[in-house]
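Asker: Next comes protein_0.cif, mmCIF, C-alpha atoms:
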```
data_my_file
loop_
_atom_site.label_atom_id
_atom_site.label_comp_id
_atom_site.auth_asym_id
_atom_site.auth_seq_id
_atom_site.Cartn_x
_atom_site.Cartn_y
_atom_site.Cartn_z
CA MET A 1 94.98 91.46 79.08
CA ARG A 2 96.33 88.23 77.61
CA ASP A 3 99.02 86.36 79.43
CA LEU A 4 98.90 88.63 82.42
CA VAL A 5 99.43 87.18 85.85
CA ILE A 6 96.66 88.06 88.32
CA ALA A 7 96.87 87.51 92.08
CA GLY A 8 93.61 87.17 93.97
CA PHE A 9 93.48 87.48 97.76
CA ASP A 10 90.86 86.57 100.35
CA PRO A 11 92.11 88.43 103.42
CA GLY A 12 91.66 87.15 106.97
CA THR A 13 93.96 87.24 109.98
CA ALA A 14 93.78 83.50 110.79
CA ARG A 15 93.83 82.39 107.14
CA LEU A 16 94.64 84.55 104.16
CA GLY A 17 93.75 82.87 100.87
CA PHE A 18 95.73 83.54 97.72
CA GLY A 19 95.27 82.40 94.13
CA VAL A 20 97.64 83.27 91.31
CA ILE A 21 96.54 82.61 87.73
CA ARG A 22 97.66 83.40 84.22
CA GLY A 23 94.82 85.32 82.62
CA ASP A 24 94.90 83.85 79.14
CA ASP A 25 91.82 82.93 77.06
CA GLN A 26 92.01 79.69 79.01
CA PRO A 27 93.05 80.83 82.51
CA VAL A 28 95.74 78.66 84.05
CA PRO A 29 96.38 78.24 87.80
CA ILE A 30 99.94 79.08 88.84
CA ASP A 31 99.76 78.77 92.61
CA TYR A 32 97.15 78.89 95.32
CA GLY A 33 96.79 78.19 99.01
CA VAL A 34 96.51 79.94 102.36
CA ILE A 35 98.86 81.74 104.68
CA GLU A 36 97.90 80.66 108.19
CA THR A 37 98.85 82.39 111.43
CA PRO A 38 98.70 80.87 114.93
CA ALA A 39 95.77 82.18 117.00
CA HIS A 40 97.83 82.24 120.21
CA GLU A 41 100.43 84.69 118.89
CA PRO A 42 100.09 88.47 119.29
CA MET A 43 98.19 90.10 116.41
CA PRO A 44 101.13 92.34 115.36
CA ASP A 45 103.31 89.24 114.86
CA ARG A 46 100.55 87.51 112.91
CA LEU A 47 100.12 90.54 110.65
CA LYS A 48 103.89 90.57 110.10
CA GLN A 49 103.70 86.94 108.95
CA LEU A 50 100.86 87.79 106.56
CA TYR A 51 102.83 90.76 105.23
CA GLU A 52 105.89 88.64 104.60
CA GLY A 53 103.81 85.95 102.90
CA VAL A 54 101.96 88.36 100.62
CA THR A 55 105.17 90.24 99.82
CA ALA A 56 106.84 86.94 98.83
CA ILE A 57 103.91 86.03 96.53
CA LEU A 58 104.09 89.42 94.81
CA ARG A 59 107.86 89.12 94.46
CA ASP A 60 107.77 85.54 93.14
CA TYR A 61 104.93 85.90 90.62
CA GLN A 62 105.11 89.62 89.71
CA PRO A 63 101.36 89.92 89.09
CA ALA A 64 100.05 92.78 86.94
CA VAL A 65 97.04 93.22 89.23
CA CYS A 66 95.89 92.23 92.73
CA ALA A 67 92.18 91.45 92.96
CA ILE A 68 90.33 91.39 96.28
CA GLU A 69 86.71 91.20 97.31
CA GLN A 70 85.07 94.42 98.34
CA LEU A 71 83.19 93.91 101.58
CA PHE A 72 80.19 96.03 102.37
CA PHE A 73 79.08 94.12 105.39
CA SER A 74 80.18 91.25 107.51
CA ARG A 75 78.84 89.03 110.23
CA ASN A 76 79.74 91.61 112.85
CA VAL A 77 81.91 94.58 113.60
CA THR A 78 84.64 92.56 115.35
CA THR A 79 84.98 90.43 112.21
CA ALA A 80 85.08 93.55 110.04
CA LEU A 81 87.85 95.04 112.20
CA SER A 82 89.85 91.84 111.95
CA VAL A 83 89.32 91.43 108.20
CA GLY A 84 90.19 95.11 107.79
CA GLN A 85 93.55 94.52 109.43
CA ALA A 86 94.37 91.73 106.97
CA ARG A 87 93.08 93.73 103.98
CA GLY A 88 95.26 96.65 105.02
CA ILE A 89 98.29 94.36 104.94
CA VAL A 90 97.48 93.09 101.42
CA MET A 91 96.91 96.63 100.14
CA LEU A 92 100.13 97.88 101.71
CA ALA A 93 102.19 95.05 100.21
CA ALA A 94 100.62 95.72 96.79
CA ALA A 95 101.30 99.47 96.99
CA GLN A 96 104.90 98.81 97.97
CA ALA A 97 105.27 96.44 95.00
CA ALA A 98 103.57 99.04 92.74
CA VAL A 99 100.84 96.53 91.81
CA PRO A 100 97.38 98.10 91.36
CA VAL A 101 94.58 96.72 93.54
CA VAL A 102 91.15 96.15 92.00
CA GLU A 103 88.14 95.37 94.18
CA TYR A 104 85.09 93.40 93.14
CA THR A 105 81.83 92.94 95.02
CA PRO A 106 80.83 89.41 96.07
CA ALA A 107 77.98 89.58 93.51
CA GLU A 108 80.40 90.50 90.70
CA VAL A 109 82.64 87.58 91.63
CA LYS A 110 79.74 85.12 91.72
CA GLN A 111 78.16 86.48 88.56
CA SER A 112 81.35 86.39 86.53
CA VAL A 113 82.55 82.98 87.70
CA SER A 114 79.26 81.08 87.88
CA GLY A 115 77.00 83.23 85.70
CA TYR A 116 74.70 83.49 88.68
CA GLY A 117 74.95 86.24 91.35
CA LYS A 118 73.70 84.03 94.18
CA ALA A 119 75.73 80.86 93.71
CA ASP A 120 76.57 79.07 96.96
CA LYS A 121 80.06 78.16 98.15
CA ASN A 122 80.02 74.65 96.70
CA GLN A 123 78.81 75.81 93.30
CA MET A 124 81.54 78.45 93.25
CA GLN A 125 84.29 75.98 94.18
CA GLU A 126 83.08 73.58 91.48
CA MET A 127 83.03 76.34 88.84
CA VAL A 128 86.53 77.47 89.82
CA ARG A 129 87.67 73.83 89.52
CA ILE A 130 86.17 73.45 86.04
CA ILE A 131 87.39 76.81 84.69
CA LEU A 132 90.93 76.12 85.86
CA GLY A 133 90.90 72.47 84.77
CA LEU A 134 91.75 71.18 88.25
CA HIS A 135 91.19 67.55 89.21
CA GLU A 136 89.87 68.48 92.63
CA ALA A 137 88.12 71.57 93.91
CA PRO A 138 90.68 74.05 95.28
CA TRP A 139 90.93 73.76 99.02
CA PRO A 140 90.54 75.34 101.53
CA ASP A 141 87.65 77.77 100.90
CA ASP A 142 89.91 80.75 101.31
CA ALA A 143 92.12 79.62 98.42
CA ALA A 144 89.06 78.93 96.23
CA ASP A 145 87.68 82.40 97.04
CA ALA A 146 91.00 83.98 96.13
CA LEU A 147 91.07 82.12 92.80
CA ALA A 148 87.46 83.19 92.16
CA VAL A 149 88.20 86.89 92.56
CA ALA A 150 91.27 86.55 90.31
CA LEU A 151 89.09 84.83 87.68
CA CYS A 152 86.50 87.59 88.08
CA HIS A 153 89.17 90.12 87.11
CA VAL A 154 90.13 88.09 84.03
CA HIS A 155 86.52 87.72 82.91
CA LEU A 156 85.60 91.36 83.40
CA ALA A 157 88.84 92.56 81.78
CA ARG A 158 88.15 90.31 78.77
CA PHE A 159 84.63 91.69 78.60
CA ARG A 160 86.01 95.25 78.65
CA ASP A 161 88.47 94.28 75.90
CA ALA A 162 85.62 92.85 73.83
CA ILE A 163 83.55 96.00 74.02
CA GLY A 164 86.65 98.05 73.25
CA GLU A 165 86.87 99.94 76.53
CA MET B 1 108.79 102.08 133.67
CA ARG B 2 110.55 105.39 134.39
CA ASP B 3 111.89 107.42 131.52
CA LEU B 4 110.45 105.12 128.93
CA VAL B 5 109.17 106.56 125.70
CA ILE B 6 105.60 105.52 124.88
CA ALA B 7 103.93 106.01 121.50
CA GLY B 8 100.14 106.15 121.43
CA PHE B 9 98.22 105.77 118.18
CA ASP B 10 94.63 106.50 117.18
CA PRO B 11 94.34 104.66 113.86
CA GLY B 12 92.18 105.88 111.00
CA THR B 13 92.73 105.87 107.25
CA ALA B 14 91.98 109.57 106.68
CA ARG B 15 93.72 110.74 109.87
CA LEU B 16 95.98 108.66 112.05
CA GLY B 17 96.71 110.35 115.38
CA PHE B 18 99.99 109.84 117.17
CA GLY B 19 101.28 110.99 120.55
CA VAL B 20 104.76 110.28 121.85
CA ILE B 21 105.49 110.95 125.53
CA ARG B 22 108.22 110.25 128.03
CA GLY B 23 106.62 108.21 130.78
CA ASP B 24 108.30 109.76 133.79
CA ASP B 25 106.59 110.53 137.13
CA GLN B 26 105.64 113.72 135.37
CA PRO B 27 104.89 112.61 131.79
CA VAL B 28 106.39 114.90 129.17
CA PRO B 29 105.11 115.31 125.59
CA ILE B 30 107.76 114.64 122.94
CA ASP B 31 105.74 114.89 119.74
CA TYR B 32 102.16 114.58 118.63
CA GLY B 33 100.00 115.22 115.60
CA VAL B 34 98.26 113.40 112.79
CA ILE B 35 99.27 111.69 109.58
CA GLU B 36 96.68 112.67 107.00
CA THR B 37 96.02 110.94 103.68
CA PRO B 38 94.11 112.40 100.71
CA ALA B 39 90.61 110.91 100.30
CA HIS B 40 90.86 110.91 96.49
CA GLU B 41 93.91 108.63 96.36
CA PRO B 42 93.62 104.83 96.12
CA MET B 43 93.45 103.14 99.53
CA PRO B 44 96.65 101.07 99.00
CA ASP B 45 98.63 104.29 98.42
CA ARG B 46 97.07 105.90 101.49
CA LEU B 47 97.94 102.88 103.63
CA LYS B 48 101.51 103.07 102.29
CA GLN B 49 101.70 106.70 103.43
CA LEU B 50 100.43 105.73 106.89
CA TYR B 51 102.94 102.89 107.06
CA GLU B 52 105.83 105.18 106.15
CA GLY B 53 104.67 107.78 108.68
CA VAL B 54 104.29 105.30 111.54
CA THR B 55 107.59 103.60 110.65
CA ALA B 56 109.35 107.00 110.75
CA ILE B 57 107.86 107.79 114.19
CA LEU B 58 109.01 104.44 115.58
CA ARG B 59 112.48 104.92 114.06
CA ASP B 60 112.85 108.52 115.30
CA TYR B 61 111.61 108.05 118.87
CA GLN B 62 112.37 104.36 119.52
CA PRO B 63 109.42 103.87 121.89
CA ALA B 64 109.47 100.98 124.36
CA VAL B 65 105.76 100.36 123.82
CA CYS B 66 103.02 101.23 121.36
CA ALA B 67 99.63 101.83 122.96
CA ILE B 68 96.38 101.73 120.94
CA GLU B 69 92.74 101.72 121.82
CA GLN B 70 90.97 98.40 121.71
CA LEU B 71 87.74 98.76 119.78
CA PHE B 72 84.83 96.48 120.54
CA PHE B 73 82.32 98.28 118.42
CA SER B 74 82.12 101.14 116.08
CA ARG B 75 79.51 103.25 114.37
CA ASN B 76 79.16 100.71 111.61
CA VAL B 77 80.83 97.82 109.86
CA THR B 78 82.23 99.96 107.04
CA THR B 79 83.96 102.16 109.61
CA ALA B 80 85.28 99.07 111.42
CA LEU B 81 86.73 97.71 108.17
CA SER B 82 88.42 101.03 107.45
CA VAL B 83 89.75 101.46 111.01
CA GLY B 84 90.90 97.83 110.89
CA GLN B 85 93.02 98.58 107.83
CA ALA B 86 94.76 101.45 109.61
CA ARG B 87 95.19 99.42 112.83
CA GLY B 88 96.75 96.62 110.82
CA ILE B 89 99.32 99.06 109.45
CA VAL B 90 100.25 100.33 112.94
CA MET B 91 100.56 96.78 114.29
CA LEU B 92 102.69 95.67 111.34
CA ALA B 93 105.05 98.64 111.70
CA ALA B 94 105.37 97.94 115.43
CA ALA B 95 106.06 94.23 114.88
CA GLN B 96 108.72 95.07 112.28
CA ALA B 97 110.34 97.50 114.75
CA ALA B 98 110.07 94.84 117.50
CA VAL B 99 108.01 97.20 119.69
CA PRO B 100 105.29 95.47 121.74
CA VAL B 101 101.73 96.67 121.21
CA VAL B 102 99.46 97.09 124.23
CA GLU B 103 95.74 97.67 123.80
CA TYR B 104 93.46 99.50 126.23
CA THR B 105 89.69 99.75 126.17
CA PRO B 106 88.11 103.21 125.77
CA ALA B 107 86.87 102.93 129.39
CA GLU B 108 90.40 102.20 130.66
CA VAL B 109 91.74 105.21 128.79
CA LYS B 110 89.04 107.52 130.15
CA GLN B 111 89.26 106.12 133.66
CA SER B 112 93.03 106.40 133.88
CA VAL B 113 93.33 109.85 132.33
CA SER B 114 90.27 111.56 133.79
CA GLY B 115 89.48 109.34 136.79
CA TYR B 116 86.04 108.92 135.27
CA GLY B 117 85.11 106.19 132.79
CA LYS B 118 82.52 108.26 130.98
CA ALA B 119 84.36 111.55 130.44
CA ASP B 120 83.41 113.33 127.21
CA LYS B 121 85.84 114.39 124.50
CA ASN B 122 86.30 117.93 125.82
CA GLN B 123 86.97 116.75 129.36
CA MET B 124 89.51 114.25 128.03
CA GLN B 125 91.33 116.85 125.94
CA GLU B 126 91.47 119.22 128.91
CA MET B 127 92.84 116.48 131.20
CA VAL B 128 95.47 115.54 128.63
CA ARG B 129 96.43 119.24 128.38
CA ILE B 130 96.80 119.57 132.16
CA ILE B 131 98.69 116.31 132.71
CA LEU B 132 101.19 117.14 129.95
CA GLY B 133 101.51 120.82 130.99
CA LEU B 134 100.48 122.10 127.55
CA HIS B 135 99.33 125.68 127.06
CA GLU B 136 96.58 124.64 124.69
CA ALA B 137 94.57 121.45 124.36
CA PRO B 138 96.25 119.08 121.89
CA TRP B 139 94.68 119.34 118.49
CA PRO B 140 93.18 117.70 116.46
CA ASP B 141 91.09 115.15 118.36
CA ASP B 142 93.04 112.25 116.86
CA ALA B 143 96.30 113.56 118.35
CA ALA B 144 94.64 114.11 121.74
CA ASP B 145 93.23 110.58 121.68
CA ALA B 146 96.66 109.16 120.83
CA LEU B 147 98.24 111.08 123.74
CA ALA B 148 95.45 109.84 126.03
CA VAL B 149 96.09 106.17 125.28
CA ALA B 150 99.85 106.70 125.77
CA LEU B 151 99.12 108.35 129.15
CA CYS B 152 96.83 105.43 130.00
CA HIS B 153 99.76 103.07 129.53
CA VAL B 154 101.99 105.20 131.79
CA HIS B 155 99.36 105.39 134.52
CA LEU B 156 98.52 101.71 134.49
CA ALA B 157 102.18 100.69 134.35
CA ARG B 158 102.94 102.96 137.33
CA PHE B 159 100.02 101.42 139.19
CA ARG B 160 101.36 97.94 138.48
CA ASP B 161 104.81 99.08 139.71
CA ALA B 162 103.27 100.41 142.92
CA ILE B 163 101.51 97.18 143.76
CA GLY B 164 104.70 95.28 142.98
CA GLU B 165 103.43 93.36 139.95
#
```
Show me the file's structure as structure tokens.
Answerer:
Amino acid sequence: MRDLVIAGFDPGTARLGFGVIRGDDQPVPIDYGVIETPAHEPMPDRLKQLYEGVTAILRDYQPAVCAIEQLFFSRNVTTALSVGQARGIVMLAAAQAAVPVVEYTPAEVKQSVSGYGKADKNQMQEMVRIILGLHEAPWPDDAADALAVALCHVHLARFRDAIGE
Amino acid sequence: MRDLVIAGFDPGTARLGFGVIRGDDQPVPIDYGVIETPAHEPMPDRLKQLYEGVTAILRDYQPAVCAIEQLFFSRNVTTALSVGQARGIVMLAAAQAAVPVVEYTPAEVKQSVSGYGKADKNQMQEMVRIILGLHEAPWPDDAADALAVALCHVHLARFRDAIGE
């Protein structure tokens, strides 16, 4: 587990958050941000931009694992369809780069990062800031969420190490 | 419009239907079927298989247009997320092949193929069979649906030609 690079993703078609960390005992941020696509462009072109962005991140940082949030529900079906399109792109890019994808539920992410399964967005951003030793909370939300799911993987993997699994 | 090759797709992660036709005055089927992925494999690997299948179809038949059904709702959000992942793959492959994607509503597809916006699945399959001069109804459903959306594009494009648009 030590010293492995983990890439977290928060998929969306307008903004796709990414957070790359080194999963040491003290996790270190490597890079984070969002890939944004223009709303007025055709969806296929926007998905191509997301694909190229995610592929570049995987190529540049060679993560051992991609972590993404598992969604069971969403505000509505149109949102789910749209998020699904972006998730499909992340999963495809990972499969092509031979990087395994691990999914965590929102509750697992909150629990492992904040120690509390119902933490709100601000609490989560603040915890991510503290854990990663950042001066300011990671921004925008999508980048913070991507860092949180990457941290979740580190924490749960360390826990599995500790219990000898 | 004449003599153009149109590829219709009915995206799903377990079965992705495709139907390639030549959009002449009398539309001719070129190829149709489904790309199936094994349910027990990880989703990223399944999406990679779909991507390779769709990419091969676009490379082999060089369609002028990809037609897919526009979904406004679905049985549930989990289904929408899953269909979204497969749609994202089709759209990405089309964008990479520089083939425009045109979306039609289910009502447009039914109306244009059967002349009746509320035709059921069996009526649709039978109309697709007759229009394409097939001996048997295209099978499975996913392939028939993909042929139907490709036919919808041909019909609506011919209509636009006729009114001089």
Asker: For chain B, work out the contacting residues on chain A at 6 Å, counting only C-alpha atoms, and write them as JSON, numbers by chain.
Answerer: {"A": [44, 45, 47, 48, 77, 80, 81, 84, 85, 88, 91, 92, 95]}
Asker: Can you report as AutoDock Vina command-line options the centre and edge lengths in Å, to one decimal, of an axis-aligned box around the listed atoms of segment 124-138 of chain A padded with 4 Å on each side?
Answerer:
```
--center_x 86.6 --center_y 73.0 --center_z 90.0 --size_x 18.2 --size_y 18.9 --size_z 18.6
```
Asker: Take the PyMOL selection byres ((chain A and resi 121) around 12), run it mentally on this structure, and tell me the resulting residues as an MDAnalysis selection string.
Answerer: chainID A and resid 106 109:110 113:114 117:120 122:128 137:142 144:145 148
Asker: Which residues are close to Leu151 of chain A, i.e. within 8 Å by all atoms listed in the file, leaving aside same-chain residues fewer than 6 positions away? Reply as a PDB file with C-alpha atoms, in the frame of the given file.
Answerer:
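The result, stored in result.pdb:
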```
ATOM      1  CA  ILE A  21      96.540  82.610  87.730  1.00  0.00           C
ATOM      2  CA  GLY A  23      94.820  85.320  82.620  1.00  0.00           C
ATOM      3  CA  PRO A  27      93.050  80.830  82.510  1.00  0.00           C
ATOM      4  CA  SER A 112      81.350  86.390  86.530  1.00  0.00           C
ATOM      5  CA  VAL A 113      82.550  82.980  87.700  1.00  0.00           C
TER       6      VAL A 113
END
```
Asker: Tell me which residues the PyMOL selection byres ((chain B and resi 6) around 10) grabs here, as a ChimeraX atom specification.
Answerer: /B:1,3-5,7-9,19-23,27,29-30,58,61-67,147,149-151,153-154
Asker: Taking (96.6, 108.9, 113.3) in the file's coordinates, which residues come within 9 Å, counting all atoms listed in the file, written as number ranges by chain?
Answerer: B: 9-19, 33-36, 50, 54, 86, 142-143, 146
Asker: Provide the atom CA of Tyr104 of chain B to atom CA of Ala157 of chain B distance in Å, to one decimal place.
Answerer: 12.0 Å
Asker: For a test of reading the model, state the distance in Å between atom CA of Ala56 of chain A and atom CA of Arg158 of chain A, rounded to one decimal.
Answerer: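 Computing it gives 27.6 Å between the two atoms.
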Asker: Using Å and a single decimal, report how far atom CA of Ala97 of chain B sits from atom CA of Leu134 of chain B.
Answerer: 29.4 Å
